[in-house]
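Here's the structure we're looking at; comments come further down.
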Amino acid sequence: MASGTPPHAAAAGTRLDPWLSSYAARTQGMRASEIRALFAVANRPEVVSLAGGMPYLEGLPLDILGELTQRVVATRGTTALQYGSGQGDEGLREQILEVMRLEGITAHPDDVVVTTGSQQALDLVTRIFIDPGDVIVAEAPSYVGALGVFSAYQADVVHVPLDADGLIPSALEETLTALEREGRRVKLLYTVPNFHNPAGVTLSAERRPQILEIARRHGVLVLEDNPYGLLGFEGDPIPAMRALDDDGVIYLGSFSKTFAPGYRVGWAVAPHAVREKLVLASESAILCPSNASQLAISAYLSTCDWKGQVKSFRELYRERRDAMIGALSEHLPDASWTVPNGGFYTWVKLPEGLDAKAMLPRAVTSRVAYVPGTAFYADGQGADHMRLSFCFPTPERIREGVRRLAGVVAGESEL
Ligand code: PMP
């Protein structure tokens with residue numbers, strides 16, 4: 001090595017990471033998805049991807065949105081392109097109250113913190129509450145992106161089962177009691193009550209107050225993650241848990257699924273003291289959410305028929321859900337699955353003895369992709385399940401995808 005050459009330069013060009021011993025311990029919890037490489041293949045046009053949770057943006061009036069964005073910059077450019085408030089634009093926060101009212105939530109604009117998607121809100125909540133080793137109780141299965149955040153902050157995730165009516169109150173009671181007996185510190189209960197990702201189920205109206213009562217009695221804050229609540233296929237939305245309890249719940253909302261994820265705008269509603277900490281944490285992470293995105297969404301909400309748009313998304317996704325369930329019944333009679341009343345996903349249990357993760361490379365070779373169940377657990381369960389999304393492919397593609405999947409399952413059973 002030439003004199004004066006920094007030691008790390010010797011490793012440049014090799015596969016060794018010269019900074020390996022420098023990383024913080026928390027990076028050990030940050031793992032690349034084991035299936036990421038396969039997804040690069042899954043995105044090829046010949047593959048029917050039942051894997052991603054991408055909303056169907058061709059359903060949006062893109063020309064109108066283009067004009068609206070242009071108008072925001074032309075008329076409010078010095079605000080839209082400037083730094084803004086760490087808590088988020090006040091006008092948008094007021095409009096968010098109107099969105100949440102559809103699920104029975106009453107709040108004040110000061111209670112709302114605008115975030116860069118609800119994913120950032122998950123990060124902020126975890127950052128302000130979790131020390132390494134603290135317990136987060138979460139549904140089995142749980143949203144993979146939340147598990148990634150929890151793991152990055154070195155939380156210990158303890159799963160509680162759900163059934164067709166969502167999280168099971170007696171199982172939650174048992175788990176919290178057992179953890180208490182072991183002297184474990186449980187900080188949060190993470191739940192996706194509506195049209196669960198990945199399970200597709202919804203927490204029943206009867207169970208909501210029961211879950212809240214159990215959490216309150218055990219001194220556990222509820223983290224209600226609700227990006228899909230307005231995308232129900234039948235009837236009115238069930239009142240949110242935050243609608244029943246305004247000091248024991250942090251509620252997370254998002255415009256990603258009902259409008260468009262590219263703006264990256266979500267929000268948190270939290271009790272006063274928690275909200276102040278969230279704003280401080282957000283300011284240190286990003287200074288402020290994007291004003292350009294917030295003002296574009298604000299203009300969309302005030303000038304477009306956004307409720308009509310959500311309704312047309314509901315109809316579109318209902319048709320795709322029907323295509324998915326119909327195809328599963330026809331082609332995979334030996335599997336079982338949930339029938340979601342809204343949202344993007346169904347959760348499929350494979351016939352006895354099959355492993356969704358081991359099967360995935362063969363599925364991709366057969367030009368169909370899904371997410372194996374193991375992605376949705378912190379503890380390696382779920383090999384016999386897969387998540388199928390019906391949000392993005394057309395009904396014909398969904399039917400073709402399930403037909404291909406059935407071929408892979410049949411081949412697998414013969415192995
Ligand atoms: N929570 C759940 C349950 C989700 O499914 C998603 C997106 N897939 C998110 C949070 C994050 O959404 P965003 O950051 O786009 O608001």
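Convention: chains lettered A, B, ... in structure tokens order; per-chain residue numbering from 1; ligands numbered from 1 as shown.
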- Select the residues contacting ligand 1 at a distance of at most 8 Å, based on only C-alpha atoms and all ligand atoms, then format the selection as a PyMOL selection string. chain A and resi 53-54+116-122+143+145-146+192+196-198+225-228+253-257+261-262+264-266
Kindly save the residues from that selection, with C-alpha atoms included, as a CSV table (one decimal), in the first residue's frame.
```
chain,number,residue,atom,x,y,z
A,53,GLY,CA,-49.1,-3.3,-3.1
A,54,MET,CA,-49.1,-0.6,-5.8
A,116,THR,CA,-43.5,11.7,4.4
A,117,GLY,CA,-45.9,8.8,3.9
A,118,SER,CA,-47.2,6.8,6.9
A,119,GLN,CA,-43.9,4.9,6.6
A,120,GLN,CA,-42.1,7.9,8.1
A,121,ALA,CA,-44.7,8.1,10.8
A,122,LEU,CA,-44.0,4.4,11.7
A,143,TYR,CA,-47.1,-5.4,7.5
A,145,GLY,CA,-42.5,-2.4,6.3
A,146,ALA,CA,-43.5,-1.9,9.9
A,192,VAL,CA,-53.8,-2.6,10.9
A,196,HIS,CA,-55.1,-5.9,6.8
A,197,ASN,CA,-51.8,-6.1,5.0
A,198,PRO,CA,-51.2,-9.0,4.4
A,225,ASP,CA,-52.1,2.0,11.0
A,226,ASN,CA,-54.9,2.7,8.6
A,227,PRO,CA,-54.0,3.4,5.0
A,228,TYR,CA,-56.8,1.3,3.5
A,253,GLY,CA,-53.3,7.8,7.8
A,254,SER,CA,-52.0,8.1,4.3
A,255,PHE,CA,-52.9,9.5,0.9
A,256,SER,CA,-50.9,6.7,-0.8
A,257,LYS,CA,-53.7,4.2,-1.4
A,261,PRO,CA,-48.1,7.3,-3.1
A,262,GLY,CA,-45.7,9.4,-5.2
A,264,ARG,CA,-45.3,10.7,-0.2
A,265,VAL,CA,-47.9,12.4,2.2
A,266,GLY,CA,-49.3,10.7,5.3
```
- Message: List the spatial neighbours of segment 199-216 of chain A as an MDAnalysis selection string - criterion: any atom at most 8 Å away, only C-alpha atoms, same-chain residues fewer than 3 positions off excluded.
- Response: chainID A and resid 141 163:169 172:173 189 193:196 219:222 238:239 241 244:245 248 338:347 387
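Distance annotation: of A:Ala80, A:Met30, A:Leu68, A:Leu354, the residue with the minimal separation from Cys304 of chain A is A:Leu68; atom set is only C-alpha atoms.
Restricting the calculation to only C-alpha atoms, the smallest distance between Val149 of chain A and any of A:Phe390, A:Trp306, A:Tyr190, A:Phe39 is found for A:Tyr190.
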